[in-house]
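Trainee: The following file, my_file.pdb, comprises PDB, C-alpha atoms:
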MODEL        1
ATOM      1  CA  MET A   1      -1.279  -2.427 -29.913
ATOM      2  CA  THR A   2      -1.072  -4.810 -26.965
ATOM      3  CA  GLY A   3       2.597  -5.815 -27.104
ATOM      4  CA  PHE A   4       5.475  -7.120 -29.174
ATOM      5  CA  GLN A   5       7.688 -10.192 -29.045
ATOM      6  CA  SER A   6      10.538 -10.375 -28.276
ATOM      7  CA  VAL A   7      11.137  -7.248 -26.220
ATOM      8  CA  ASN A   8      14.849  -8.129 -26.238
ATOM      9  CA  ALA A   9      15.083  -8.544 -30.011
ATOM     10  CA  ALA A  10      18.310  -7.372 -31.644
ATOM     11  CA  ASP A  11      18.488  -4.645 -34.283
ATOM     12  CA  GLY A  12      17.824  -6.158 -37.712
ATOM     13  CA  SER A  13      15.695  -9.020 -36.362
ATOM     14  CA  ASN A  14      11.951  -9.441 -36.664
ATOM     15  CA  ILE A  15       9.421  -8.742 -33.935
ATOM     16  CA  ILE A  16       5.783  -9.844 -33.774
ATOM     17  CA  ILE A  17       3.411  -7.045 -32.815
ATOM     18  CA  LYS A  18      -0.025  -7.956 -31.515
ATOM     19  CA  GLY A  19      -3.178  -5.897 -31.293
ATOM     20  CA  ASN A  20      -6.388  -5.193 -33.186
ATOM     21  CA  TYR A  21      -7.550  -3.374 -36.311
ATOM     22  CA  PHE A  22      -4.182  -3.159 -38.039
ATOM     23  CA  VAL A  23      -5.411  -1.561 -41.274
ATOM     24  CA  ASN A  24      -2.634  -0.119 -43.472
ATOM     25  CA  PRO A  25      -0.257   0.108 -40.500
ATOM     26  CA  THR A  26       3.097   1.826 -40.217
ATOM     27  CA  VAL A  27       5.570   0.914 -37.476
ATOM     28  CA  LYS A  28       8.158   3.109 -35.792
ATOM     29  CA  VAL A  29      10.822   2.390 -33.222
ATOM     30  CA  GLY A  30      11.483   5.711 -31.573
ATOM     31  CA  ASP A  31      11.552   8.074 -34.551
ATOM     32  CA  ALA A  32      12.847   5.492 -37.045
ATOM     33  CA  SER A  33      10.607   3.564 -39.397
ATOM     34  CA  ALA A  34      10.561  -0.229 -39.204
ATOM     35  CA  THR A  35      10.118  -2.386 -42.290
ATOM     36  CA  ILE A  36       6.854  -4.335 -42.240
ATOM     37  CA  VAL A  37       7.307  -7.906 -43.465
ATOM     38  CA  SER A  38       3.628  -8.857 -43.248
ATOM     39  CA  TYR A  39       0.467  -8.019 -41.340
ATOM     40  CA  THR A  40      -3.078  -9.107 -40.562
ATOM     41  CA  LEU A  41      -5.792  -7.348 -38.587
ATOM     42  CA  THR A  42      -4.297  -8.638 -35.315
ATOM     43  CA  GLN A  43      -0.581  -9.169 -35.969
ATOM     44  CA  ILE A  44       2.346  -7.383 -37.626
ATOM     45  CA  ILE A  45       5.771  -8.819 -38.346
ATOM     46  CA  ALA A  46       8.316  -6.011 -38.626
ATOM     47  CA  THR A  47      12.103  -5.697 -38.783
ATOM     48  CA  LEU A  48      13.814  -3.563 -36.156
ATOM     49  CA  PRO A  49      15.962  -0.767 -37.633
ATOM     50  CA  ASN A  50      19.445   0.079 -36.383
ATOM     51  CA  GLY A  51      19.445   2.016 -33.125
ATOM     52  CA  SER A  52      16.296   0.351 -31.773
ATOM     53  CA  GLN A  53      17.644  -0.537 -28.319
ATOM     54  CA  GLY A  54      16.025   1.502 -25.557
ATOM     55  CA  LYS A  55      13.302   2.844 -27.880
ATOM     56  CA  LYS A  56       9.534   2.284 -27.836
ATOM     57  CA  VAL A  57       7.668   0.534 -30.643
ATOM     58  CA  SER A  58       4.567   2.280 -31.982
ATOM     59  CA  VAL A  59       1.954   1.442 -34.605
ATOM     60  CA  THR A  60      -0.041   3.997 -36.568
ATOM     61  CA  THR A  61      -3.270   3.116 -38.396
ATOM     62  CA  LEU A  62      -6.335   5.040 -39.522
ATOM     63  CA  SER A  63      -7.463   4.942 -35.880
ATOM     64  CA  GLY A  64      -4.366   6.729 -34.559
ATOM     65  CA  THR A  65      -1.046   5.811 -32.949
ATOM     66  CA  SER A  66      -0.469   3.309 -30.144
ATOM     67  CA  ALA A  67       2.854   2.594 -28.407
ATOM     68  CA  TYR A  68       3.747  -0.294 -26.108
ATOM     69  CA  THR A  69       5.075   0.541 -22.651
ATOM     70  CA  SER A  70       8.330  -1.453 -22.700
ATOM     71  CA  GLN A  71      11.382  -0.255 -24.596
ATOM     72  CA  VAL A  72      13.344  -2.600 -26.847
ATOM     73  CA  GLY A  73      16.056  -4.541 -25.028
ATOM     74  CA  THR A  74      14.895  -3.837 -21.467
ATOM     75  CA  SER A  75      13.344  -7.096 -20.228
ATOM     76  CA  ILE A  76      14.717  -9.586 -17.720
ATOM     77  CA  TYR A  77      11.528 -11.653 -18.210
ATOM     78  CA  ASP A  78       9.684 -11.865 -21.524
ATOM     79  CA  ASP A  79       8.259 -15.404 -21.836
ATOM     80  CA  VAL A  80      11.585 -16.576 -20.366
ATOM     81  CA  PHE A  81      14.064 -15.219 -17.832
ATOM     82  CA  TYR A  82      17.268 -13.937 -19.408
ATOM     83  CA  GLY A  83      20.779 -14.673 -18.188
ATOM     84  CA  ASN A  84      21.328 -16.999 -15.238
ATOM     85  CA  ILE A  85      18.295 -15.945 -13.215
ATOM     86  CA  SER A  86      16.915 -18.403 -10.675
ATOM     87  CA  ASN A  87      13.730 -18.261  -8.611
ATOM     88  CA  SER A  88      12.660 -19.174  -5.103
ATOM     89  CA  THR A  89       9.856 -18.502  -2.610
ATOM     90  CA  TRP A  90       9.778 -17.989   1.132
ATOM     91  CA  ALA A  91       7.118 -20.572   2.016
ATOM     92  CA  GLY A  92       7.431 -23.302  -0.572
ATOM     93  CA  ASP A  93       4.817 -21.709  -2.831
ATOM     94  CA  THR A  94       4.255 -23.297  -6.219
ATOM     95  CA  TYR A  95       4.919 -21.181  -9.290
ATOM     96  CA  ASN A  96       5.123 -21.560 -13.051
ATOM     97  CA  ILE A  97       7.436 -19.241 -15.005
ATOM     98  CA  ALA A  98       6.086 -20.560 -18.329
ATOM     99  CA  TYR A  99       2.345 -20.339 -17.610
ATOM    100  CA  SER A 100       0.256 -20.487 -20.791
ATOM    101  CA  ASP A 101      -3.117 -21.989 -19.787
ATOM    102  CA  ASN A 102      -5.349 -18.929 -20.113
ATOM    103  CA  PRO A 103      -4.557 -16.046 -22.520
ATOM    104  CA  ALA A 104      -6.472 -13.662 -20.224
ATOM    105  CA  ASN A 105      -3.686 -14.137 -17.666
ATOM    106  CA  ILE A 106      -0.911 -13.341 -20.145
ATOM    107  CA  LYS A 107      -0.093  -9.718 -20.927
ATOM    108  CA  GLN A 108       2.849 -10.003 -23.286
ATOM    109  CA  GLY A 109       3.949 -12.748 -25.645
ATOM    110  CA  GLU A 110       2.794 -16.324 -25.104
ATOM    111  CA  LYS A 111       3.657 -16.960 -21.439
ATOM    112  CA  ALA A 112       3.558 -15.359 -18.004
ATOM    113  CA  ILE A 113       4.539 -16.153 -14.413
ATOM    114  CA  LYS A 114       1.832 -17.671 -12.226
ATOM    115  CA  TRP A 115       2.626 -17.583  -8.525
ATOM    116  CA  ASN A 116       0.329 -19.411  -6.102
ATOM    117  CA  ALA A 117       1.165 -17.002  -3.301
ATOM    118  CA  LYS A 118       0.783 -18.174   0.260
ATOM    119  CA  ALA A 119       0.088 -15.703   3.063
ATOM    120  CA  TRP A 120       3.129 -13.581   3.993
ATOM    121  CA  SER A 121       5.318 -15.305   1.408
ATOM    122  CA  ALA A 122       7.423 -13.948  -1.452
ATOM    123  CA  PHE A 123       8.603 -14.729  -4.979
ATOM    124  CA  GLN A 124      12.271 -13.981  -5.628
ATOM    125  CA  ILE A 125      14.191 -13.199  -8.807
ATOM    126  CA  ASP A 126      17.836 -14.016  -8.076
ATOM    127  CA  ASN A 127      21.099 -13.817 -10.051
ATOM    128  CA  SER A 128      19.931 -10.834 -12.079
ATOM    129  CA  PRO A 129      21.956  -9.769 -15.124
ATOM    130  CA  ASN A 130      23.696  -6.396 -15.037
ATOM    131  CA  ILE A 131      21.446  -3.348 -15.296
ATOM    132  CA  PRO A 132      22.444  -0.334 -17.455
ATOM    133  CA  SER A 133      23.563   2.690 -15.447
ATOM    134  CA  ALA A 134      21.251   4.921 -17.515
ATOM    135  CA  SER A 135      18.105   3.042 -16.464
ATOM    136  CA  LYS A 136      15.626   4.938 -14.291
ATOM    137  CA  GLY A 137      13.781   2.156 -12.452
ATOM    138  CA  ILE A 138      11.950  -1.165 -12.630
ATOM    139  CA  ARG A 139       8.807  -1.962 -14.589
ATOM    140  CA  PHE A 140       6.424  -4.903 -14.829
ATOM    141  CA  TYR A 141       2.822  -5.976 -15.319
ATOM    142  CA  ILE A 142       0.868  -7.564 -12.459
ATOM    143  CA  LYS A 143      -2.617  -8.931 -11.787
ATOM    144  CA  SER A 144      -4.152 -11.228  -9.170
ATOM    145  CA  ALA A 145      -7.150 -13.517  -8.784
ATOM    146  CA  ALA A 146      -8.446 -11.301  -5.976
ATOM    147  CA  PRO A 147      -7.611  -7.596  -5.521
ATOM    148  CA  ILE A 148      -4.684  -6.739  -3.248
ATOM    149  CA  SER A 149      -4.729  -3.283  -1.663
ATOM    150  CA  ASN A 150      -1.248  -1.960  -0.838
ATOM    151  CA  GLY A 151      -0.238  -5.507   0.044
ATOM    152  CA  ILE A 152       2.790  -6.278  -2.142
ATOM    153  CA  LYS A 153       6.187  -5.006  -1.042
ATOM    154  CA  LEU A 154       9.070  -4.749  -3.502
ATOM    155  CA  ILE A 155      12.495  -5.579  -2.116
ATOM    156  CA  LEU A 156      15.460  -4.703  -4.334
ATOM    157  CA  ASN A 157      18.784  -6.532  -3.984
ATOM    158  CA  TYR A 158      17.722  -7.963  -0.598
ATOM    159  CA  SER A 159      17.690  -4.552   1.094
ATOM    160  CA  TRP A 160      14.845  -3.631   3.473
ATOM    161  CA  ALA A 161      16.001  -0.005   3.694
ATOM    162  CA  ALA A 162      13.179   1.164   1.379
ATOM    163  CA  THR A 163      10.400  -1.157   0.198
ATOM    164  CA  PRO A 164       7.765   0.430  -2.067
ATOM    165  CA  THR A 165       4.287  -1.050  -1.667
ATOM    166  CA  ILE A 166       1.882  -1.619  -4.563
ATOM    167  CA  SER A 167      -1.647  -2.865  -5.168
ATOM    168  CA  SER A 168      -2.884  -5.450  -7.659
ATOM    169  CA  GLU A 169      -6.210  -5.741  -9.456
ATOM    170  CA  THR A 170      -7.957  -8.539 -11.350
ATOM    171  CA  GLU A 171      -6.831  -7.015 -14.665
ATOM    172  CA  TYR A 172      -3.217  -6.416 -15.631
ATOM    173  CA  LYS A 173      -1.749  -3.178 -14.321
ATOM    174  CA  TYR A 174       1.485  -1.578 -15.516
ATOM    175  CA  ILE A 175       3.858  -0.524 -12.742
ATOM    176  CA  GLU A 176       6.962   1.683 -12.889
ATOM    177  CA  ILE A 177       9.020   2.278  -9.755
ATOM    178  CA  PRO A 178      11.998   4.668  -9.937
ATOM    179  CA  TRP A 179      15.250   3.765  -8.205
ATOM    180  CA  SER A 180      14.708   6.676  -5.819
ATOM    181  CA  GLU A 181      11.782   4.830  -4.194
ATOM    182  CA  PHE A 182      14.284   2.171  -3.161
ATOM    183  CA  GLY A 183      16.441   4.871  -1.585
ATOM    184  CA  LEU A 184      18.931   4.911  -4.471
ATOM    185  CA  ALA A 185      20.415   7.935  -6.192
ATOM    186  CA  SER A 186      21.307   5.966  -9.336
ATOM    187  CA  ALA A 187      20.776   2.601 -10.978
ATOM    188  CA  PRO A 188      22.129  -0.438  -9.098
ATOM    189  CA  ALA A 189      24.446  -2.910 -10.797
ATOM    190  CA  THR A 190      21.855  -5.706 -10.586
ATOM    191  CA  MET A 191      18.109  -6.075 -10.188
ATOM    192  CA  ASN A 192      17.488  -8.978  -7.809
ATOM    193  CA  LEU A 193      13.824  -8.433  -7.067
ATOM    194  CA  THR A 194      11.540  -9.863  -4.383
ATOM    195  CA  PHE A 195       7.741  -9.606  -4.543
ATOM    196  CA  ASN A 196       6.589  -9.907  -0.910
ATOM    197  CA  HIS A 197       2.908 -10.871  -0.560
ATOM    198  CA  ALA A 198       2.493  -9.083   2.764
ATOM    199  CA  GLN A 199      -1.079 -10.189   3.457
ATOM    200  CA  GLY A 200      -2.743 -12.990   5.394
ATOM    201  CA  GLU A 201      -4.808 -14.509   2.563
ATOM    202  CA  PRO A 202      -3.455 -16.752  -0.231
ATOM    203  CA  ASN A 203      -3.837 -15.449  -3.776
ATOM    204  CA  ASP A 204      -2.878 -16.318  -7.339
ATOM    205  CA  ILE A 205      -0.584 -13.582  -8.640
ATOM    206  CA  TYR A 206       0.446 -13.191 -12.276
ATOM    207  CA  LEU A 207       3.548 -11.289 -13.428
ATOM    208  CA  ASP A 208       4.651 -10.513 -16.963
ATOM    209  CA  ASP A 209       7.201  -8.477 -18.943
ATOM    210  CA  ILE A 210       9.551  -7.606 -16.061
ATOM    211  CA  GLY A 211      12.450  -5.269 -16.695
ATOM    212  CA  TYR A 212      13.752  -1.728 -16.393
ATOM    213  CA  TYR A 213      13.035   1.531 -18.208
ATOM    214  CA  TYR A 214      14.907   4.599 -19.424
TER
ENDMDL
END
As a first step, turn the structure in this file into structure tokens.
Mentor:
Amino acid sequence: MTGFQSVNAADGSNIIIKGNYFVNPTVKVGDASATIVSYTLTQIIATLPNGSQGKKVSVTTLSGTSAYTSQVGTSIYDDVFYGNISNSTWAGDTYNIAYSDNPANIKQGEKAIKWNAKAWSAFQIDNSPNIPSASKGIRFYIKSAAPISNGIKLILNYSWAATPTISSETEYKYIEIPWSEFGLASAPATMNLTFNHAQGEPNDIYLDDIGYYY
């Protein structure tokens, strides 16, 4: 299982699960079974049961069980930004929040964010929707055209008090950062997030499936 669309689907609606070798699959959301509408070897359409929000989707086949990282209802970006989010950069970088040119640069769904990052610049996610108080931290997928070693700082809600630093590779990497690494004892009300490319060389950076986790 490589992902499902839409991460923010409502209970009772259909999701599209992608992956490989779906032979006689069963689907669960948390511990509840989901109704399978149809399936092929690479795609399953299933209906979310009641109580799906905040739960992980898993698929079981003859090969075993695979679960996707993101929980239902926890994305602020999943092919599109939700709510009234706007974007900006520090140095006039170009970016595409609906990038779809190369499937290898898309982790989840049909689109990703491509940011042509200039040296020492940043990509901002502003006007974030409210974040649940029970959430534990932020999560996202990231990759870059060239590896970045400890060269991306995360700035939460415009505060420089604590800025976790991450690396990026040429293949998508899943990142979770708890609120405590931003110096917080609990979840903030919003999740305005800045990705600071704190290096002196330009790079193409791809982001996908951005949200929070429980």
Trainee: What does the PyMOL selection byres ((chain A and resi 172) around 7) select in this file, as a list in words?
Mentor: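 Checking the PyMOL selection byres ((chain A and resi 172) around 7) against this file, the residues are Lys107, Tyr141, Ile142, Lys143, Glu169, Thr170, Glu171, Lys173 and Tyr174 of chain A.
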Trainee: Skip segment 80-85 of chain A itself and residues of its chain fewer than 5 positions away, then list as a count of residues only all residues within 6 Å of it, counting all atoms listed in the file.
Mentor: 4
Trainee: Interatomic distance between atom CA of Ile175 of chain A and atom CA of Asn50 of chain A?
Mentor: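 Atom CA of Asn50 of chain A lies at a distance of 28.3 Å from atom CA of Ile175 of chain A.
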Trainee: Any chance you could resolve the PyMOL selection byres ((chain A and resi 13-26) around 7) against this file and give the residues as a list of chain:residue names?
Mentor: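 When the PyMOL selection byres ((chain A and resi 13-26) around 7) is applied to the shown file, the picked residues are A:Met1, A:Thr2, A:Gly3, A:Phe4, A:Gln5, A:Ser6, A:Ala9, A:Ala10, A:Asp11, A:Gly12, A:Val27, A:Lys28, A:Thr40, A:Leu41, A:Thr42, A:Gln43, A:Ile44, A:Ile45, A:Ala46, A:Thr47, A:Leu48, A:Val59, A:Thr60, A:Thr61, A:Leu62.
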Trainee: Rounded to one decimal place, report the atom CA of Asn157 of chain A-atom CA of Ser100 of chain A distance in Å.
Mentor: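 The value is 28.6 Å.
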Trainee: Which residue, A:Ala145, A:Ala161, A:Ala91, A:Ile177, has the smallest gap to Lys114 of chain A when you use all atoms listed in the file?
Mentor: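 Residue with the minimum atom-to-atom distance to Lys114 of chain A: A:Ala145.
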Trainee: Selection in question (the file shown): the PyMOL selection byres ((chain A and resi 53) around 12). Which residues does it include, as JSON, numbers by chain?
Mentor: {"A": [7, 8, 9, 10, 11, 12, 13, 29, 30, 32, 48, 49, 50, 51, 52, 54, 55, 56, 57, 70, 71, 72, 73, 74, 75, 132, 213, 214]}
Trainee: Extending 4 Å beyond the listed atoms of segment 87-103 of chain A on each side, what axis-aligned box results? I want centre and edge lengths in Å to one decimal, as JSON.
Mentor:
{"center_x": 4.2, "center_y": -19.7, "center_z": -10.3, "size_x": 27.1, "size_y": 15.3, "size_z": 32.5}
Trainee: Could you check the closest approach to Ala162 of chain A for each of A:Gly183, A:Ser135, A:Ser149, A:Glu176 and tell me which residue wins, using only C-alpha atoms?
Mentor: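 Looking at the shortest contact to Ala162 of chain A, the residue is A:Gly183.
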